[in-house]
$ cat my_file-v1.csv   # CSV, N, CA and C atoms
chain,number,residue,atom,x,y,z
A,51,GLN,N,0.8,-1.2,0.0
A,51,GLN,CA,0.0,0.0,0.0
A,51,GLN,C,0.9,1.2,0.0
A,52,VAL,N,0.6,2.1,-0.9
A,52,VAL,CA,1.4,3.4,-1.0
A,52,VAL,C,0.9,4.4,0.0
A,53,GLN,N,1.8,5.0,0.7
A,53,GLN,CA,1.5,6.0,1.6
A,53,GLN,C,2.5,7.2,1.4
A,54,LEU,N,1.9,8.4,1.3
A,54,LEU,CA,2.7,9.6,1.2
A,54,LEU,C,2.2,10.5,2.3
A,55,VAL,N,3.1,10.8,3.2
A,55,VAL,CA,2.7,11.5,4.4
A,55,VAL,C,3.5,12.8,4.4
A,56,GLU,N,2.7,13.9,4.3
A,56,GLU,CA,3.2,15.3,4.3
A,56,GLU,C,3.3,15.8,5.7
A,57,SER,N,4.3,16.7,6.0
A,57,SER,CA,4.4,17.3,7.3
A,57,SER,C,5.2,18.6,7.1
A,58,GLY,N,5.1,19.5,8.1
A,58,GLY,CA,5.9,20.7,8.1
A,58,GLY,C,5.2,21.9,7.9
A,59,GLY,N,3.9,21.8,7.6
A,59,GLY,CA,3.1,23.1,7.4
A,59,GLY,C,2.8,23.8,8.7
A,60,GLY,N,2.2,24.9,8.5
A,60,GLY,CA,1.8,25.7,9.7
A,60,GLY,C,1.5,27.1,9.3
A,61,LEU,N,1.4,28.0,10.4
A,61,LEU,CA,1.1,29.4,10.2
A,61,LEU,C,2.3,30.2,10.3
A,62,VAL,N,2.6,31.0,9.3
A,62,VAL,CA,3.8,31.8,9.2
A,62,VAL,C,3.4,33.2,8.7
A,63,GLN,N,4.2,34.2,9.1
A,63,GLN,CA,4.0,35.5,8.6
A,63,GLN,C,4.6,35.7,7.2
A,64,ALA,N,4.1,36.6,6.5
A,64,ALA,CA,4.6,36.9,5.2
A,64,ALA,C,6.1,37.2,5.3
A,65,GLY,N,6.9,36.6,4.4
A,65,GLY,CA,8.3,36.8,4.4
A,65,GLY,C,9.0,35.6,5.2
A,66,GLY,N,8.3,34.8,5.8
A,66,GLY,CA,8.8,33.7,6.6
A,66,GLY,C,9.1,32.5,5.7
A,67,SER,N,9.6,31.4,6.4
A,67,SER,CA,10.0,30.2,5.7
A,67,SER,C,9.4,29.0,6.4
A,68,LEU,N,9.2,28.0,5.6
A,68,LEU,CA,8.8,26.7,6.0
A,68,LEU,C,9.5,25.6,5.2
A,69,ARG,N,9.7,24.5,5.8
A,69,ARG,CA,10.2,23.3,5.1
A,69,ARG,C,9.3,22.2,5.2
A,70,LEU,N,8.7,21.8,4.1
A,70,LEU,CA,7.8,20.7,4.1
A,70,LEU,C,8.5,19.4,3.8
A,71,SER,N,8.0,18.3,4.4
A,71,SER,CA,8.6,17.0,4.1
A,71,SER,C,7.5,16.0,3.7
A,72,CYS,N,7.9,15.1,2.9
A,72,CYS,CA,7.0,14.0,2.4
A,72,CYS,C,7.7,12.7,2.5
A,73,ALA,N,7.2,11.8,3.4
A,73,ALA,CA,7.8,10.5,3.6
A,73,ALA,C,6.9,9.5,2.8
A,74,ALA,N,7.6,8.7,1.9
A,74,ALA,CA,7.0,7.8,1.1
A,74,ALA,C,7.2,6.4,1.5
A,75,SER,N,6.2,5.5,1.4
A,75,SER,CA,6.4,4.1,1.6
A,75,SER,C,5.5,3.4,0.6
A,76,GLY,N,5.8,2.1,0.3
A,76,GLY,CA,5.1,1.3,-0.6
A,76,GLY,C,5.4,1.5,-2.0
A,77,ILE,N,6.4,2.4,-2.3
A,77,ILE,CA,6.8,2.6,-3.7
A,77,ILE,C,8.3,2.5,-3.8
A,78,ILE,N,8.9,2.2,-4.9
A,78,ILE,CA,10.3,2.2,-5.1
A,78,ILE,C,10.7,3.7,-5.3
A,79,PHE,N,10.9,4.4,-4.2
A,79,PHE,CA,11.0,5.8,-4.2
A,79,PHE,C,12.1,6.3,-5.1
A,80,SER,N,13.2,5.6,-5.1
A,80,SER,CA,14.4,6.1,-5.9
A,80,SER,C,14.2,6.0,-7.4
A,81,SER,N,13.2,5.3,-7.8
A,81,SER,CA,12.9,5.2,-9.2
A,81,SER,C,11.8,6.1,-9.7
A,82,GLN,N,11.2,6.9,-8.8
A,82,GLN,CA,10.0,7.7,-9.1
A,82,GLN,C,10.4,9.2,-9.2
A,83,ASP,N,9.9,9.8,-10.2
A,83,ASP,CA,9.9,11.3,-10.2
A,83,ASP,C,8.8,11.7,-9.3
A,84,MET,N,9.1,12.8,-8.5
A,84,MET,CA,8.1,13.2,-7.5
A,84,MET,C,7.8,14.7,-7.7
A,85,GLY,N,6.6,15.1,-7.1
A,85,GLY,CA,6.2,16.4,-7.2
A,85,GLY,C,5.5,16.9,-6.0
A,86,TRP,N,5.6,18.2,-5.8
A,86,TRP,CA,4.8,18.9,-4.8
A,86,TRP,C,3.7,19.7,-5.5
A,87,TYR,N,2.5,19.6,-4.9
A,87,TYR,CA,1.3,20.2,-5.5
A,87,TYR,C,0.6,21.0,-4.4
A,88,ARG,N,-0.2,21.9,-4.8
A,88,ARG,CA,-0.9,22.7,-3.8
A,88,ARG,C,-2.3,23.0,-4.3
A,89,GLN,N,-3.2,23.2,-3.3
A,89,GLN,CA,-4.6,23.5,-3.6
A,89,GLN,C,-5.0,24.6,-2.7
A,90,ALA,N,-5.2,25.8,-3.2
A,90,ALA,CA,-5.7,26.9,-2.5
A,90,ALA,C,-7.2,26.9,-2.4
A,91,PRO,N,-7.8,27.5,-1.4
A,91,PRO,CA,-9.3,27.5,-1.2
A,91,PRO,C,-10.0,27.9,-2.5
A,92,GLY,N,-10.9,27.1,-2.9
A,92,GLY,CA,-11.7,27.4,-4.1
A,92,GLY,C,-11.1,27.2,-5.4
A,93,LYS,N,-9.8,26.7,-5.4
A,93,LYS,CA,-9.1,26.5,-6.6
A,93,LYS,C,-8.7,25.1,-6.9
A,94,GLN,N,-8.3,24.8,-8.1
A,94,GLN,CA,-7.9,23.4,-8.4
A,94,GLN,C,-6.5,23.2,-7.9
A,95,ARG,N,-6.2,21.9,-7.7
A,95,ARG,CA,-4.8,21.6,-7.3
A,95,ARG,C,-3.9,21.7,-8.4
A,96,ASP,N,-2.7,22.4,-8.2
A,96,ASP,CA,-1.8,22.5,-9.3
A,96,ASP,C,-0.4,22.2,-8.8
A,97,LEU,N,0.5,22.0,-9.8
A,97,LEU,CA,1.9,21.6,-9.5
A,97,LEU,C,2.7,22.8,-9.0
A,98,VAL,N,3.4,22.6,-8.0
A,98,VAL,CA,4.4,23.6,-7.5
A,98,VAL,C,5.8,23.4,-8.1
A,99,ALA,N,6.2,22.1,-8.0
A,99,ALA,CA,7.5,21.8,-8.5
A,99,ALA,C,7.7,20.3,-8.6
A,100,SER,N,8.6,19.9,-9.4
A,100,SER,CA,8.8,18.4,-9.6
A,100,SER,C,10.3,18.2,-9.6
A,101,ILE,N,10.7,16.9,-9.2
A,101,ILE,CA,12.1,16.5,-9.2
A,101,ILE,C,12.2,15.1,-9.8
A,102,THR,N,13.1,14.9,-10.6
A,102,THR,CA,13.3,13.6,-11.2
A,102,THR,C,14.0,12.7,-10.2
A,103,ARG,N,14.1,11.4,-10.6
A,103,ARG,CA,14.7,10.4,-9.8
A,103,ARG,C,16.2,10.8,-9.5
A,104,ARG,N,16.8,11.5,-10.5
A,104,ARG,CA,18.2,11.9,-10.4
A,104,ARG,C,18.4,13.3,-9.8
A,105,GLY,N,17.3,13.9,-9.4
A,105,GLY,CA,17.4,15.2,-8.7
A,105,GLY,C,17.3,16.5,-9.6
A,106,THR,N,16.9,16.3,-10.8
A,106,THR,CA,16.7,17.5,-11.6
A,106,THR,C,15.3,18.1,-11.3
A,107,THR,N,15.3,19.4,-11.0
A,107,THR,CA,14.1,20.1,-10.5
A,107,THR,C,13.5,21.0,-11.6
A,108,ARG,N,12.2,21.2,-11.5
A,108,ARG,CA,11.5,22.2,-12.3
A,108,ARG,C,10.5,22.8,-11.4
A,109,TYR,N,10.3,24.1,-11.6
A,109,TYR,CA,9.4,24.9,-10.8
A,109,TYR,C,8.4,25.7,-11.6
A,110,ALA,N,7.2,25.9,-11.0
A,110,ALA,CA,6.3,26.9,-11.6
A,110,ALA,C,7.0,28.2,-11.7
A,111,ASP,N,7.0,28.9,-12.7
A,111,ASP,CA,7.8,30.1,-13.0
A,111,ASP,C,7.7,31.1,-11.8
A,112,SER,N,6.5,31.3,-11.3
A,112,SER,CA,6.3,32.4,-10.3
A,112,SER,C,7.0,32.0,-9.0
A,113,ARG,N,7.4,30.7,-8.8
A,113,ARG,CA,8.0,30.3,-7.5
A,113,ARG,C,9.5,30.2,-7.6
A,114,MET,N,10.0,30.3,-8.9
A,114,MET,CA,11.5,30.2,-9.1
A,114,MET,C,12.2,31.1,-8.1
A,115,GLY,N,13.1,30.6,-7.4
A,115,GLY,CA,14.0,31.5,-6.5
A,115,GLY,C,13.5,31.5,-5.1
A,116,ARG,N,12.2,31.2,-4.9
A,116,ARG,CA,11.7,31.2,-3.5
A,116,ARG,C,11.6,29.8,-2.9
A,117,PHE,N,11.3,28.9,-3.8
A,117,PHE,CA,11.1,27.5,-3.4
A,117,PHE,C,12.3,26.6,-3.9
A,118,THR,N,12.6,25.6,-3.0
A,118,THR,CA,13.7,24.7,-3.4
A,118,THR,C,13.2,23.3,-3.1
A,119,LEU,N,13.2,22.5,-4.1
A,119,LEU,CA,12.8,21.1,-4.0
A,119,LEU,C,14.0,20.2,-3.9
A,120,SER,N,14.0,19.2,-3.0
A,120,SER,CA,15.1,18.3,-2.9
A,120,SER,C,14.6,16.9,-2.5
A,121,ARG,N,15.4,15.9,-2.6
A,121,ARG,CA,15.0,14.6,-2.1
A,121,ARG,C,16.2,13.9,-1.5
A,122,ASP,N,15.8,12.9,-0.6
A,122,ASP,CA,16.8,12.0,0.0
A,122,ASP,C,16.3,10.6,-0.3
A,123,ASN,N,16.9,10.0,-1.2
A,123,ASN,CA,16.4,8.6,-1.6
A,123,ASN,C,16.7,7.6,-0.5
A,124,ALA,N,17.7,7.8,0.3
A,124,ALA,CA,18.0,6.9,1.4
A,124,ALA,C,16.9,7.0,2.5
A,125,LYS,N,16.2,8.1,2.6
A,125,LYS,CA,15.2,8.3,3.5
A,125,LYS,C,13.8,8.2,2.9
A,126,ASN,N,13.7,8.0,1.6
A,126,ASN,CA,12.4,7.9,0.9
A,126,ASN,C,11.6,9.2,1.2
A,127,THR,N,12.3,10.3,1.2
A,127,THR,CA,11.7,11.6,1.5
A,127,THR,C,12.0,12.7,0.5
A,128,VAL,N,11.0,13.5,0.2
A,128,VAL,CA,11.1,14.7,-0.6
A,128,VAL,C,10.8,15.9,0.2
A,129,TYR,N,11.5,17.0,0.0
A,129,TYR,CA,11.4,18.2,0.7
A,129,TYR,C,11.0,19.4,-0.2
A,130,LEU,N,10.4,20.3,0.4
A,130,LEU,CA,10.1,21.6,-0.2
A,130,LEU,C,10.4,22.7,0.7
A,131,GLN,N,11.5,23.4,0.5
A,131,GLN,CA,11.9,24.6,1.3
A,131,GLN,C,11.3,25.8,0.6
A,132,MET,N,10.5,26.5,1.4
A,132,MET,CA,9.8,27.7,0.9
A,132,MET,C,10.2,28.9,1.7
A,133,ASN,N,10.8,29.8,1.0
A,133,ASN,CA,11.2,31.1,1.6
A,133,ASN,C,10.4,32.3,1.1
A,134,SER,N,10.5,33.4,1.8
A,134,SER,CA,9.9,34.6,1.4
A,134,SER,C,8.4,34.3,1.1
A,135,LEU,N,7.7,33.7,2.0
A,135,LEU,CA,6.4,33.3,1.7
A,135,LEU,C,5.4,34.5,1.6
A,136,LYS,N,4.4,34.3,0.8
A,136,LYS,CA,3.4,35.4,0.5
A,136,LYS,C,2.0,34.8,0.9
A,137,PRO,N,1.1,35.7,1.2
A,137,PRO,CA,-0.2,35.2,1.6
A,137,PRO,C,-0.8,34.4,0.5
A,138,GLU,N,-0.5,34.6,-0.8
A,138,GLU,CA,-1.0,33.8,-1.9
A,138,GLU,C,-0.5,32.4,-1.9
A,139,ASP,N,0.5,32.1,-1.1
A,139,ASP,CA,1.0,30.8,-1.0
A,139,ASP,C,0.2,29.9,-0.1
A,140,THR,N,-0.8,30.5,0.6
A,140,THR,CA,-1.7,29.8,1.5
A,140,THR,C,-2.4,28.7,0.7
A,141,ALA,N,-2.3,27.5,1.2
A,141,ALA,CA,-2.9,26.3,0.5
A,141,ALA,C,-2.6,25.1,1.3
A,142,VAL,N,-3.3,24.0,0.9
A,142,VAL,CA,-2.9,22.7,1.4
A,142,VAL,C,-1.9,22.1,0.4
A,143,TYR,N,-0.7,21.7,0.9
A,143,TYR,CA,0.4,21.2,0.0
A,143,TYR,C,0.4,19.7,0.1
A,144,TYR,N,0.5,19.1,-1.1
A,144,TYR,CA,0.5,17.6,-1.2
A,144,TYR,C,1.8,17.2,-2.0
A,145,CYS,N,2.2,16.0,-1.7
A,145,CYS,CA,3.2,15.4,-2.6
A,145,CYS,C,2.6,14.2,-3.3
A,146,ASN,N,3.2,13.9,-4.4
A,146,ASN,CA,2.7,12.7,-5.2
A,146,ASN,C,3.8,12.4,-6.2
A,147,THR,N,3.7,11.4,-6.9
A,147,THR,CA,4.6,11.1,-8.0
A,147,THR,C,4.4,12.2,-9.1
A,148,PHE,N,5.3,12.3,-10.0
A,148,PHE,CA,5.1,13.2,-11.1
A,148,PHE,C,5.2,12.4,-12.4
A,149,PRO,N,4.1,12.3,-13.2
A,149,PRO,CA,2.8,12.8,-12.9
A,149,PRO,C,2.1,12.1,-11.8
A,150,PRO,N,1.1,12.7,-11.2
A,150,PRO,CA,0.5,12.1,-10.0
A,150,PRO,C,-0.4,11.0,-10.3
A,151,TYR,N,-0.5,10.0,-9.4
A,151,TYR,CA,-1.5,9.0,-9.4
A,151,TYR,C,-2.6,9.3,-8.5
A,152,ASP,N,-3.8,9.2,-9.0
A,152,ASP,CA,-5.0,9.5,-8.1
A,152,ASP,C,-5.0,8.8,-6.8
A,153,ASN,N,-4.6,7.6,-6.8
A,153,ASN,CA,-4.7,6.8,-5.6
A,153,ASN,C,-3.6,7.1,-4.6
A,154,TYR,N,-2.7,7.9,-4.9
A,154,TYR,CA,-1.6,8.2,-4.0
A,154,TYR,C,-1.8,9.5,-3.2
A,155,TRP,N,-2.8,10.2,-3.4
A,155,TRP,CA,-3.0,11.5,-2.7
A,155,TRP,C,-3.1,11.2,-1.2
A,156,GLY,N,-2.3,12.0,-0.4
A,156,GLY,CA,-2.5,11.9,1.1
A,156,GLY,C,-3.3,13.0,1.6
A,157,GLN,N,-3.1,13.3,2.9
A,157,GLN,CA,-3.9,14.3,3.5
A,157,GLN,C,-3.4,15.7,3.3
A,158,GLY,N,-2.2,15.8,2.9
A,158,GLY,CA,-1.6,17.1,2.7
A,158,GLY,C,-1.2,17.8,4.0
A,159,THR,N,-0.6,18.9,3.9
A,159,THR,CA,-0.2,19.8,5.0
A,159,THR,C,-0.6,21.2,4.7
A,160,GLN,N,-1.3,21.8,5.7
A,160,GLN,CA,-1.8,23.2,5.5
A,160,GLN,C,-0.7,24.2,5.8
A,161,VAL,N,-0.6,25.1,4.8
A,161,VAL,CA,0.3,26.2,4.9
A,161,VAL,C,-0.5,27.5,4.9
A,162,THR,N,-0.4,28.3,5.9
A,162,THR,CA,-1.1,29.5,6.0
A,162,THR,C,-0.2,30.7,6.2
A,163,VAL,N,-0.2,31.6,5.3
A,163,VAL,CA,0.7,32.8,5.4
A,163,VAL,C,-0.1,34.0,5.7
A,164,SER,N,0.2,34.6,6.8
A,164,SER,CA,-0.6,35.8,7.2
A,164,SER,C,0.2,37.1,6.7
A,165,SER,N,-0.6,38.1,6.4
A,165,SER,CA,0.0,39.4,5.9
A,165,SER,C,0.3,40.3,7.1

$ encode --input "my_file-v1.csv" --output "structure tokens"
Amino acid sequence: QVQLVESGGGLVQAGGSLRLSCAASGIIFSSQDMGWYRQAPGKQRDLVASITRRGTTRYADSRMGRFTLSRDNAKNTVYLQMNSLKPEDTAVYYCNTFPPYDNYWGQGTQVTVSS
């Protein structure tokens, strides 16, 4: 059974930072491209960034320079470092494979950025 467990969210002031983690089990993590996604209230879930099995990253253009995606294959974990957070970054953040599998979505972690 695949489990993707996100953590690290919280309430932060604008300009602050958070580091999200996603621990994976039930998949051969080192062979999977992974992604972080987010869903803001009233909006569809969209891709934040992706990382290949070898560590090549891609970001949504607006987040380039503020977010850093990394992975530790020994720990089956993918990370999202978010700096200079803005209120518009408020959302539930999810990890999944890239592209995502519908059955793999977890509970996500809430990120709230206050102005």

$ closest_residue --input "my_file-v1.csv" --among "A:Ile78, A:Leu130, A:Ala124, A:Leu54" --to "A:Tyr109" --atoms "only C-alpha atoms"
A:Leu130

$ atom_distance --input "my_file-v1.csv" --atom1 "atom C of A:Val128" --atom2 "atom N of A:Val62"
19.4 Å

$ residues_around --input "my_file-v1.csv" --residues "A:Leu135" --least-positions-apart "5" --cutoff "8 Å" --atoms "only N, CA and C atoms" --output "JSON, numbers by chain"
{"A": [62, 63, 64, 65, 66, 67, 68, 116, 140, 163, 164]}

$ closest_residue --input "my_file-v1.csv" --among "A:Ser165, A:Gln160, A:Ser80, A:Ser100" --to "A:Pro137" --atoms "all atoms listed in the file"
A:Ser165

$ atom_distance --input "my_file-v1.csv" --atom1 "atom CA of A:Pro150" --atom2 "atom CA of A:Val55"
14.6 Å

$ closest_residue --input "my_file-v1.csv" --among "A:Thr159, A:Asn153, A:Ser81, A:Ser134" --to "A:Arg103" --atoms "only N, CA and C atoms"
A:Ser81

$ atom_distance --input "my_file-v1.csv" --atom1 "atom CA of A:Phe117" --atom2 "atom C of A:Asn133"
6.6 Å

$ closest_residue --input "my_file-v1.csv" --among "A:Tyr143, A:Phe148, A:Tyr154, A:Tyr129" --to "A:Tyr87" --atoms "only C-alpha atoms"
A:Tyr143

$ residues_around --input "my_file-v1.csv" --residues "A:Ala99" --least-positions-apart "2" --cutoff "12 Å" --atoms "only C-alpha atoms" --output "MDAnalysis selection string"
chainID A and resid 83:88 96:97 101:102 105:120 128:132 143:149

$ write_last_selection --input "my_file-v1.csv" --atoms "N, CA and C atoms" --output "compact mmCIF listing (two decimals), keeping the file's coordinate frame"
# COMPACT_ATOMS: atom_id res chain seq x y z
N ASP A 83 9.90 9.80 -10.20
CA ASP A 83 9.90 11.30 -10.20
C ASP A 83 8.80 11.70 -9.30
N MET A 84 9.10 12.80 -8.50
CA MET A 84 8.10 13.20 -7.50
C MET A 84 7.80 14.70 -7.70
N GLY A 85 6.60 15.10 -7.10
CA GLY A 85 6.20 16.40 -7.20
C GLY A 85 5.50 16.90 -6.00
N TRP A 86 5.60 18.20 -5.80
CA TRP A 86 4.80 18.90 -4.80
C TRP A 86 3.70 19.70 -5.50
N TYR A 87 2.50 19.60 -4.90
CA TYR A 87 1.30 20.20 -5.50
C TYR A 87 0.60 21.00 -4.40
N ARG A 88 -0.20 21.90 -4.80
CA ARG A 88 -0.90 22.70 -3.80
C ARG A 88 -2.30 23.00 -4.30
N ASP A 96 -2.70 22.40 -8.20
CA ASP A 96 -1.80 22.50 -9.30
C ASP A 96 -0.40 22.20 -8.80
N LEU A 97 0.50 22.00 -9.80
CA LEU A 97 1.90 21.60 -9.50
C LEU A 97 2.70 22.80 -9.00
N ILE A 101 10.70 16.90 -9.20
CA ILE A 101 12.10 16.50 -9.20
C ILE A 101 12.20 15.10 -9.80
N THR A 102 13.10 14.90 -10.60
CA THR A 102 13.30 13.60 -11.20
C THR A 102 14.00 12.70 -10.20
N GLY A 105 17.30 13.90 -9.40
CA GLY A 105 17.40 15.20 -8.70
C GLY A 105 17.30 16.50 -9.60
N THR A 106 16.90 16.30 -10.80
CA THR A 106 16.70 17.50 -11.60
C THR A 106 15.30 18.10 -11.30
N THR A 107 15.30 19.40 -11.00
CA THR A 107 14.10 20.10 -10.50
C THR A 107 13.50 21.00 -11.60
N ARG A 108 12.20 21.20 -11.50
CA ARG A 108 11.50 22.20 -12.30
C ARG A 108 10.50 22.80 -11.40
N TYR A 109 10.30 24.10 -11.60
CA TYR A 109 9.40 24.90 -10.80
C TYR A 109 8.40 25.70 -11.60
N ALA A 110 7.20 25.90 -11.00
CA ALA A 110 6.30 26.90 -11.60
C ALA A 110 7.00 28.20 -11.70
N ASP A 111 7.00 28.90 -12.70
CA ASP A 111 7.80 30.10 -13.00
C ASP A 111 7.70 31.10 -11.80
N SER A 112 6.50 31.30 -11.30
CA SER A 112 6.30 32.40 -10.30
C SER A 112 7.00 32.00 -9.00
N ARG A 113 7.40 30.70 -8.80
CA ARG A 113 8.00 30.30 -7.50
C ARG A 113 9.50 30.20 -7.60
N MET A 114 10.00 30.30 -8.90
CA MET A 114 11.50 30.20 -9.10
C MET A 114 12.20 31.10 -8.10
N GLY A 115 13.10 30.60 -7.40
CA GLY A 115 14.00 31.50 -6.50
C GLY A 115 13.50 31.50 -5.10
N ARG A 116 12.20 31.20 -4.90
CA ARG A 116 11.70 31.20 -3.50
C ARG A 116 11.60 29.80 -2.90
N PHE A 117 11.30 28.90 -3.80
CA PHE A 117 11.10 27.50 -3.40
C PHE A 117 12.30 26.60 -3.90
N THR A 118 12.60 25.60 -3.00
CA THR A 118 13.70 24.70 -3.40
C THR A 118 13.20 23.30 -3.10
N LEU A 119 13.20 22.50 -4.10
CA LEU A 119 12.80 21.10 -4.00
C LEU A 119 14.00 20.20 -3.90
N SER A 120 14.00 19.20 -3.00
CA SER A 120 15.10 18.30 -2.90
C SER A 120 14.60 16.90 -2.50
N VAL A 128 11.00 13.50 0.20
CA VAL A 128 11.10 14.70 -0.60
C VAL A 128 10.80 15.90 0.20
N TYR A 129 11.50 17.00 0.00
CA TYR A 129 11.40 18.20 0.70
C TYR A 129 11.00 19.40 -0.20
N LEU A 130 10.40 20.30 0.40
CA LEU A 130 10.10 21.60 -0.20
C LEU A 130 10.40 22.70 0.70
N GLN A 131 11.50 23.40 0.50
CA GLN A 131 11.90 24.60 1.30
C GLN A 131 11.30 25.80 0.60
N MET A 132 10.50 26.50 1.40
CA MET A 132 9.80 27.70 0.90
C MET A 132 10.20 28.90 1.70
N TYR A 143 -0.70 21.70 0.90
CA TYR A 143 0.40 21.20 0.00
C TYR A 143 0.40 19.70 0.10
N TYR A 144 0.50 19.10 -1.10
CA TYR A 144 0.50 17.60 -1.20
C TYR A 144 1.80 17.20 -2.00
N CYS A 145 2.20 16.00 -1.70
CA CYS A 145 3.20 15.40 -2.60
C CYS A 145 2.60 14.20 -3.30
N ASN A 146 3.20 13.90 -4.40
CA ASN A 146 2.70 12.70 -5.20
C ASN A 146 3.80 12.40 -6.20
N THR A 147 3.70 11.40 -6.90
CA THR A 147 4.60 11.10 -8.00
C THR A 147 4.40 12.20 -9.10
N PHE A 148 5.30 12.30 -10.00
CA PHE A 148 5.10 13.20 -11.10
C PHE A 148 5.20 12.40 -12.40
N PRO A 149 4.10 12.30 -13.20
CA PRO A 149 2.80 12.80 -12.90
C PRO A 149 2.10 12.10 -11.80

$ select_by_dssp --input "my_file-v1.csv" --residues "chain A" --states "helix (DSSP H, G or I)" --output "number ranges by chain"
A: 79-81, 111-113, 137-139, 152-154

$ select_by_dssp --input "my_file-v1.csv" --residues "stretch 119-150 of chain A" --states "strand (DSSP E)" --output "PyMOL selection string"
chain A and resi 119-122+127-132+141-147

$ residues_around --input "my_file-v1.csv" --residues "A:Pro91" --least-positions-apart "2" --cutoff "8 Å" --atoms "only N, CA and C atoms" --output "ChimeraX atom specification"
/A:88-89,93-94,140-142

$ residues_around --input "my_file-v1.csv" --residues "A:Gly76" --least-positions-apart "3" --cutoff "8 Å" --atoms "only C-alpha atoms" --output "count of residues only"
3

$ closest_residue --input "my_file-v1.csv" --among "A:Gln157, A:Ser57, A:Asn123, A:Thr162" --to "A:Leu70" --atoms "only C-alpha atoms"
A:Ser57

$ build_atoms --input "my_file-v1.csv" --residues "stretch 96-110 of chain A" --atoms "N, CA, C and O atoms" --output "compact mmCIF listing (two decimals), in the frame of the given file"
# COMPACT_ATOMS: atom_id res chain seq x y z
N ASP A 96 -2.70 22.40 -8.20
CA ASP A 96 -1.80 22.50 -9.30
C ASP A 96 -0.40 22.20 -8.80
O ASP A 96 -0.09 22.08 -7.65
N LEU A 97 0.50 22.00 -9.80
CA LEU A 97 1.90 21.60 -9.50
C LEU A 97 2.70 22.80 -9.00
O LEU A 97 2.60 23.90 -9.58
N VAL A 98 3.40 22.60 -8.00
CA VAL A 98 4.40 23.60 -7.50
C VAL A 98 5.80 23.40 -8.10
O VAL A 98 6.39 24.28 -8.58
N ALA A 99 6.20 22.10 -8.00
CA ALA A 99 7.50 21.80 -8.50
C ALA A 99 7.70 20.30 -8.60
O ALA A 99 6.92 19.54 -7.98
N SER A 100 8.60 19.90 -9.40
CA SER A 100 8.80 18.40 -9.60
C SER A 100 10.30 18.20 -9.60
O SER A 100 11.16 19.06 -9.81
N ILE A 101 10.70 16.90 -9.20
CA ILE A 101 12.10 16.50 -9.20
C ILE A 101 12.20 15.10 -9.80
O ILE A 101 11.37 14.21 -9.42
N THR A 102 13.10 14.90 -10.60
CA THR A 102 13.30 13.60 -11.20
C THR A 102 14.00 12.70 -10.20
O THR A 102 14.51 13.10 -9.20
N ARG A 103 14.10 11.40 -10.60
CA ARG A 103 14.70 10.40 -9.80
C ARG A 103 16.20 10.80 -9.50
O ARG A 103 16.77 10.41 -8.52
N ARG A 104 16.80 11.50 -10.50
CA ARG A 104 18.20 11.90 -10.40
C ARG A 104 18.40 13.30 -9.80
O ARG A 104 19.52 13.69 -9.62
N GLY A 105 17.30 13.90 -9.40
CA GLY A 105 17.40 15.20 -8.70
C GLY A 105 17.30 16.50 -9.60
O GLY A 105 17.49 17.57 -9.05
N THR A 106 16.90 16.30 -10.80
CA THR A 106 16.70 17.50 -11.60
C THR A 106 15.30 18.10 -11.30
O THR A 106 14.30 17.42 -11.22
N THR A 107 15.30 19.40 -11.00
CA THR A 107 14.10 20.10 -10.50
C THR A 107 13.50 21.00 -11.60
O THR A 107 14.23 21.58 -12.40
N ARG A 108 12.20 21.20 -11.50
CA ARG A 108 11.50 22.20 -12.30
C ARG A 108 10.50 22.80 -11.40
O ARG A 108 9.84 22.21 -10.57
N TYR A 109 10.30 24.10 -11.60
CA TYR A 109 9.40 24.90 -10.80
C TYR A 109 8.40 25.70 -11.60
O TYR A 109 8.68 26.07 -12.75
N ALA A 110 7.20 25.90 -11.00
CA ALA A 110 6.30 26.90 -11.60
C ALA A 110 7.00 28.20 -11.70
O ALA A 110 7.65 28.63 -10.69
